[in-house]
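K.L.:
Just one file: my_file.cif, with mmCIF, C-alpha atoms.
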```cif
data_data
#
loop_
_atom_site.label_atom_id
_atom_site.label_comp_id
_atom_site.auth_asym_id
_atom_site.auth_seq_id
_atom_site.Cartn_x
_atom_site.Cartn_y
_atom_site.Cartn_z
CA TRP H 20 105.07 96.99 104.55
CA LEU H 21 102.31 99.47 105.02
CA GLU H 22 101.24 99.62 108.63
CA ASP H 23 97.84 100.00 107.90
CA GLU H 24 100.86 98.63 105.87
CA PHE H 25 102.92 97.90 102.85
CA LEU H 26 105.59 95.22 103.13
CA GLY H 27 108.38 95.07 100.61
CA GLY H 28 111.12 92.50 100.50
CA GLY H 29 110.94 89.72 103.03
CA ARG H 30 114.00 87.59 103.57
CA ARG H 31 117.13 88.61 101.72
CA ARG H 32 117.81 86.85 98.43
CA PRO H 33 121.36 85.71 97.75
CA GLY H 34 123.16 88.76 96.41
CA GLY H 35 120.27 91.00 97.50
CA ASP H 36 120.77 94.48 98.87
CA PRO H 37 120.78 94.32 102.68
CA SER H 38 119.98 98.02 103.01
CA SER H 39 116.48 99.09 103.86
CA GLN H 40 114.59 102.26 104.38
CA SER H 41 111.55 103.21 106.38
CA GLN H 42 109.53 106.27 105.68
CA SER H 43 106.11 107.77 106.17
CA GLN H 44 104.00 108.57 103.16
CA SER H 45 100.62 110.19 102.85
CA SER H 46 97.90 108.84 100.62
CA SER H 47 95.01 111.29 100.72
CA SER H 48 94.34 111.69 104.44
CA THR H 49 95.77 108.29 105.41
CA LYS H 50 99.35 108.08 106.61
CA TRP H 51 101.24 104.89 105.72
CA ARG H 52 104.42 103.60 107.28
CA VAL H 53 106.44 102.08 104.45
CA HIS H 54 109.37 99.70 104.65
CA VAL H 55 111.34 98.74 101.56
CA GLY H 56 114.08 96.16 101.84
CA GLU H 57 115.14 93.38 104.11
CA LEU H 58 113.05 92.59 107.17
CA SER H 59 115.13 89.75 108.52
CA THR H 60 118.57 88.25 108.26
CA SER H 61 117.33 84.96 109.73
CA SER H 62 117.85 81.75 107.82
CA ARG H 63 115.32 79.05 107.05
CA ASN H 64 116.46 77.22 110.19
CA SER H 65 114.97 79.71 112.64
CA ILE H 66 111.77 81.55 113.39
CA ASP H 67 112.10 85.32 113.44
CA ALA H 68 109.51 86.93 115.73
CA HIS H 69 110.13 90.40 114.22
CA TYR H 70 109.49 89.11 110.69
CA LEU H 71 106.30 87.32 111.78
CA HIS H 72 105.08 90.43 113.63
CA ARG H 73 105.60 92.63 110.57
CA MET H 74 103.80 90.11 108.37
CA ARG H 75 100.82 90.04 110.76
CA MET H 76 100.66 93.84 110.79
CA ALA H 77 100.87 94.26 107.02
CA LYS H 78 97.87 95.23 104.94
CA VAL H 79 99.72 94.90 101.61
CA VAL H 80 102.78 92.74 100.92
CA VAL H 81 104.90 93.03 97.78
CA THR H 82 107.25 90.17 97.05
CA CYS H 83 109.17 88.93 94.04
CA ASN H 84 110.57 85.61 92.92
CA PRO H 85 114.26 84.84 93.40
CA ASN H 86 116.58 85.80 90.56
CA ASN H 87 117.38 82.27 89.39
CA TRP H 88 114.05 80.44 89.65
CA GLU H 89 110.33 80.88 90.13
CA GLY H 90 108.46 80.03 93.25
CA ASP H 91 109.63 80.25 96.82
CA PHE H 92 107.90 79.79 100.13
CA ARG H 93 108.04 83.53 100.81
CA LEU H 94 105.01 83.94 98.53
CA PHE H 95 102.98 81.49 100.62
CA GLU H 96 104.21 83.10 103.85
CA ALA H 97 102.98 86.44 102.55
CA LEU H 98 99.58 85.01 101.59
CA SER H 99 99.23 83.31 104.96
CA SER H 100 99.68 86.69 106.68
CA GLY H 101 96.20 87.70 105.51
CA ALA H 102 97.53 90.78 103.69
CA LEU H 103 96.85 91.60 100.06
CA VAL H 104 99.82 90.17 98.16
CA LEU H 105 101.41 91.51 94.99
CA VAL H 106 103.94 89.25 93.26
CA ASP H 107 105.71 89.41 89.91
CA ARG H 108 104.18 87.28 87.17
CA MET H 109 105.22 83.64 87.00
CA ALA H 110 105.28 81.39 83.96
CA THR H 111 105.62 78.05 85.75
CA PRO H 112 102.28 76.26 86.10
CA TYR H 113 101.42 74.60 89.40
CA HIS H 114 98.50 72.98 91.15
CA HIS H 115 95.60 75.12 92.38
CA PRO H 116 97.04 78.24 90.75
CA LEU H 117 96.74 81.67 92.30
CA VAL H 118 94.38 83.79 90.22
CA HIS H 119 95.03 87.49 89.54
CA LYS H 120 92.45 89.73 91.28
CA GLU H 121 90.91 86.72 93.02
CA HIS H 122 93.72 85.57 95.34
CA LEU H 123 96.42 88.23 94.79
CA LEU H 124 97.67 90.75 92.27
CA TYR H 125 100.40 90.04 89.71
CA TYR H 126 102.62 92.91 88.63
CA ASP H 127 105.12 93.39 85.84
CA SER H 128 108.57 93.41 87.47
CA THR H 129 109.98 95.39 84.54
CA ASN H 130 107.43 98.19 84.93
CA ARG H 131 107.58 100.21 88.15
CA SER H 132 104.49 102.20 87.14
CA ASP H 133 102.45 98.99 86.96
CA LEU H 134 103.44 98.04 90.50
CA LEU H 135 102.79 101.50 91.92
CA ALA H 136 99.42 101.79 90.17
CA LYS H 137 98.32 98.46 91.65
CA ILE H 138 99.46 99.47 95.13
CA HIS H 139 97.61 102.79 94.88
CA PHE H 140 94.48 101.04 93.59
CA ALA H 141 94.56 98.59 96.51
CA LEU H 142 94.98 101.40 99.03
CA ALA H 143 92.16 103.39 97.46
CA HIS H 144 89.81 100.36 97.57
CA PRO H 145 90.36 98.78 101.01
CA ARG H 146 87.17 96.69 100.99
CA TRP H 147 88.08 95.13 97.63
CA ALA H 148 91.69 94.60 98.79
CA ARG H 149 90.45 92.89 101.98
CA THR H 150 88.24 90.53 99.94
CA VAL H 151 91.11 89.52 97.64
CA ALA H 152 93.45 89.15 100.64
CA THR H 153 90.94 86.90 102.43
CA ASN H 154 90.47 84.77 99.31
CA GLY H 155 94.25 84.40 98.96
CA TYR H 156 94.60 83.51 102.64
CA LYS H 157 91.92 80.79 102.41
CA HIS H 158 93.33 79.46 99.14
CA VAL H 159 96.89 79.14 100.44
CA LEU H 160 95.78 77.46 103.67
CA ARG H 161 93.69 75.00 101.69
CA HIS H 162 96.16 74.20 98.91
CA HIS H 163 99.69 75.52 99.53
CA ARG H 164 100.87 74.56 102.99
CA SER H 165 103.92 72.28 103.22
CA VAL H 166 101.67 69.28 103.84
CA SER H 167 99.63 70.20 100.74
CA TRP H 168 102.74 70.22 98.55
CA VAL H 169 103.94 66.87 99.92
CA ASP H 170 100.48 65.43 99.24
CA TYR H 171 100.60 66.87 95.69
CA PHE H 172 103.99 65.22 95.01
CA LEU H 173 102.81 61.87 96.39
CA ARG H 174 99.52 61.99 94.41
CA THR H 175 101.48 62.79 91.26
CA ALA H 176 103.97 59.97 91.84
CA HIS H 177 101.13 57.49 92.43
CA ALA H 178 99.27 58.70 89.34
CA LEU H 179 102.44 58.16 87.28
CA ILE H 180 102.82 54.62 88.66
CA LEU H 181 99.18 53.86 87.79
CA ARG H 182 99.70 55.26 84.29
CA GLU H 183 102.81 53.11 83.77
CA LYS H 184 100.76 50.05 84.78
CA HIS H 185 98.05 51.16 82.30
CA GLN H 186 95.54 51.60 85.12
CA ASP H 187 93.07 54.43 85.45
CA ASP H 188 93.99 57.33 87.71
CA ASP H 189 92.53 57.20 91.19
CA PRO H 190 89.30 59.24 90.93
CA ALA H 191 89.93 60.59 94.44
CA TYR H 192 92.99 62.47 93.16
CA VAL H 193 92.44 66.08 92.21
CA GLU H 194 95.15 68.30 90.77
CA THR H 195 98.09 65.98 90.25
CA GLY H 196 101.12 67.08 88.24
CA LEU H 197 99.58 65.24 85.27
CA ASP H 198 96.46 67.43 85.54
CA VAL H 199 98.61 70.56 85.61
CA LEU H 200 100.50 69.40 82.50
CA GLN H 201 97.27 68.63 80.65
CA ARG H 202 95.76 71.99 81.56
CA THR H 203 98.92 73.79 80.51
CA ALA H 204 99.08 71.89 77.23
CA ALA H 205 95.45 72.61 76.48
CA SER H 206 95.87 76.31 77.18
CA GLU H 207 99.05 76.58 75.13
CA HIS H 208 97.99 74.12 72.38
CA VAL H 209 101.05 71.98 73.09
CA ILE H 210 101.14 68.29 72.19
CA LEU H 211 102.52 66.48 75.22
CA HIS H 212 102.95 63.08 73.60
CA HIS H 213 103.13 62.53 69.88
CA PRO H 214 102.18 58.99 68.72
CA ASP H 215 105.45 58.69 66.77
CA ALA H 216 107.58 59.54 69.81
CA ASP H 217 107.95 55.87 70.80
CA ARG H 218 109.50 54.88 67.44
#
```
Show this structure as structure tokens.

P.N.:
Amino acid sequence: WLEDEFLGGGRRRPGGDPSSQSQSQSSSSTKWRVHVGELSTSSRNSIDAHYLHRMRMAKVVVTCNPNNWEGDFRLFEALSSGALVLVDRMATPYHHPLVHKEHLLYYDSTNRSDLLAKIHFALAHPRWARTVATNGYKHVLRHHRSVSWVDYFLRTAHALILREKHQDDDPAYVETGLDVLQRTAASEHVILHHPDADR
């Protein structure tokens, strides 16, 4: 975290390094308190006041996806803090996607220079960083709370049932899993269903 802050880590990943370090760094005339590493040893079954406090204080949060899969709730926790969030690029498509430089910043997890350059840019342009952070905060509260994901799964299941019954999708549904697949297929020029597949 940077207090006027940079937050690194979050909850420990399985097999993650439990060590952490805090240090002060200067950026021009601004002094930043930096924390890299684990902020909490709490599990998903408890609320950690220290973790929540640090998230509220952060100006910039850097997080990364778990080693074995993409997408975890830590990303949405970070966005809901109101800080500018940097996350490693993800390949998995999902509903109401997070847009680079509009809701957050994506970084290349194999290129430390890329991450550091983006952090320095954000710190050098606080008004721009605040705008992106606010957009990300609004976007995640509108589309990526737990209730939003449950609604997404239920809409998708109902859309699949309607499709199996050869009925039109409910026009009230926006961004079902079927929409995400169609958008992904269109952008990647992938044929989702070949006419000969049923033979």

K.L.:
In Å, with one decimal, what is the gap from atom CA of Tyr171 of chain H to atom CA of Val199 of chain H?

P.N.:
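According to the coordinates, atom CA of Tyr171 of chain H and atom CA of Val199 of chain H are separated by 10.9 Å.
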
K.L.:
Interatomic distance between atom CA of Tyr192 of chain H and atom CA of Ala178 of chain H?

P.N.:
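Distance reported for this atom pair: 8.3 Å.
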
K.L.:
Extract, using all atoms listed in the file, all DNA, RNA and protein residues at most 6 Å from segment 96-108 of chain H, discarding same-chain residues fewer than 4 positions from it, and format them as a list in words.

P.N.:
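The neighbour list is Met74, Arg75, Ala77, Lys78, Val79, Val80, Val81, Thr82, Cys83, Leu123, Leu124, Tyr125, Tyr126, Asp127, Ser128, Ala152, Gly155 and Tyr156 of chain H.
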
K.L.:
The PyMOL selection byres ((chain H and resi 89) around 10) - which residues does that actually catch in the file I just gave you? List them as a PDB file with C-alpha atoms, in the frame of the given file.

P.N.:
```pdb
ATOM      1  CA  CYS H  83     109.170  88.930  94.040  1.00  0.00           C
ATOM      2  CA  ASN H  84     110.570  85.610  92.920  1.00  0.00           C
ATOM      3  CA  PRO H  85     114.260  84.840  93.400  1.00  0.00           C
ATOM      4  CA  ASN H  86     116.580  85.800  90.560  1.00  0.00           C
ATOM      5  CA  ASN H  87     117.380  82.270  89.390  1.00  0.00           C
ATOM      6  CA  TRP H  88     114.050  80.440  89.650  1.00  0.00           C
ATOM      7  CA  GLY H  90     108.460  80.030  93.250  1.00  0.00           C
ATOM      8  CA  ASP H  91     109.630  80.250  96.820  1.00  0.00           C
ATOM      9  CA  ASP H 107     105.710  89.410  89.910  1.00  0.00           C
ATOM     10  CA  ARG H 108     104.180  87.280  87.170  1.00  0.00           C
ATOM     11  CA  MET H 109     105.220  83.640  87.000  1.00  0.00           C
ATOM     12  CA  ALA H 110     105.280  81.390  83.960  1.00  0.00           C
ATOM     13  CA  THR H 111     105.620  78.050  85.750  1.00  0.00           C
TER      14      THR H 111
END
```

K.L.:
Could you check the closest approach to Thr175 of chain H for each of H:Tyr70, H:Lys120, H:Arg202, H:His114 and tell me which residue wins, using all atoms listed in the file?

P.N.:
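Closest to Thr175 of chain H of all the choices is H:His114.
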
K.L.:
Using atom CA of Asn154 of chain H and atom CA of Ser65 of chain H as the two end points, give the distance in Å to one decimal.

P.N.:
28.3 Å

K.L.:
Identify which of the residues H:His122, H:Ser132, H:Phe172, H:Lys184 lies closest to Thr150 of chain H, counting only C-alpha atoms when measuring atom-to-atom distances.

P.N.:
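Looking at the shortest contact to Thr150 of chain H, the residue is H:His122.
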
K.L.:
Would you compute the box with edges along x, y and z of the file around segment 168-187 of chain H, including every atom the file lists for it and 3 Å extra on each side, and give its centre and edge lengths in Å to one decimal, as lines of an AutoDock Vina configuration file?

P.N.:
```
center_x = 98.5
center_y = 60.1
center_z = 91.1
size_x = 16.9
size_y = 26.2
size_z = 23.6
```

K.L.:
Check the smallest atom-to-atom distance from each of H:Leu179, H:Ala68, H:Ala136, H:Val151 to Glu121 of chain H using only C-alpha atoms, then report the winner.

P.N.:
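That would be H:Val151, the residue with the smallest distance to Glu121 of chain H.
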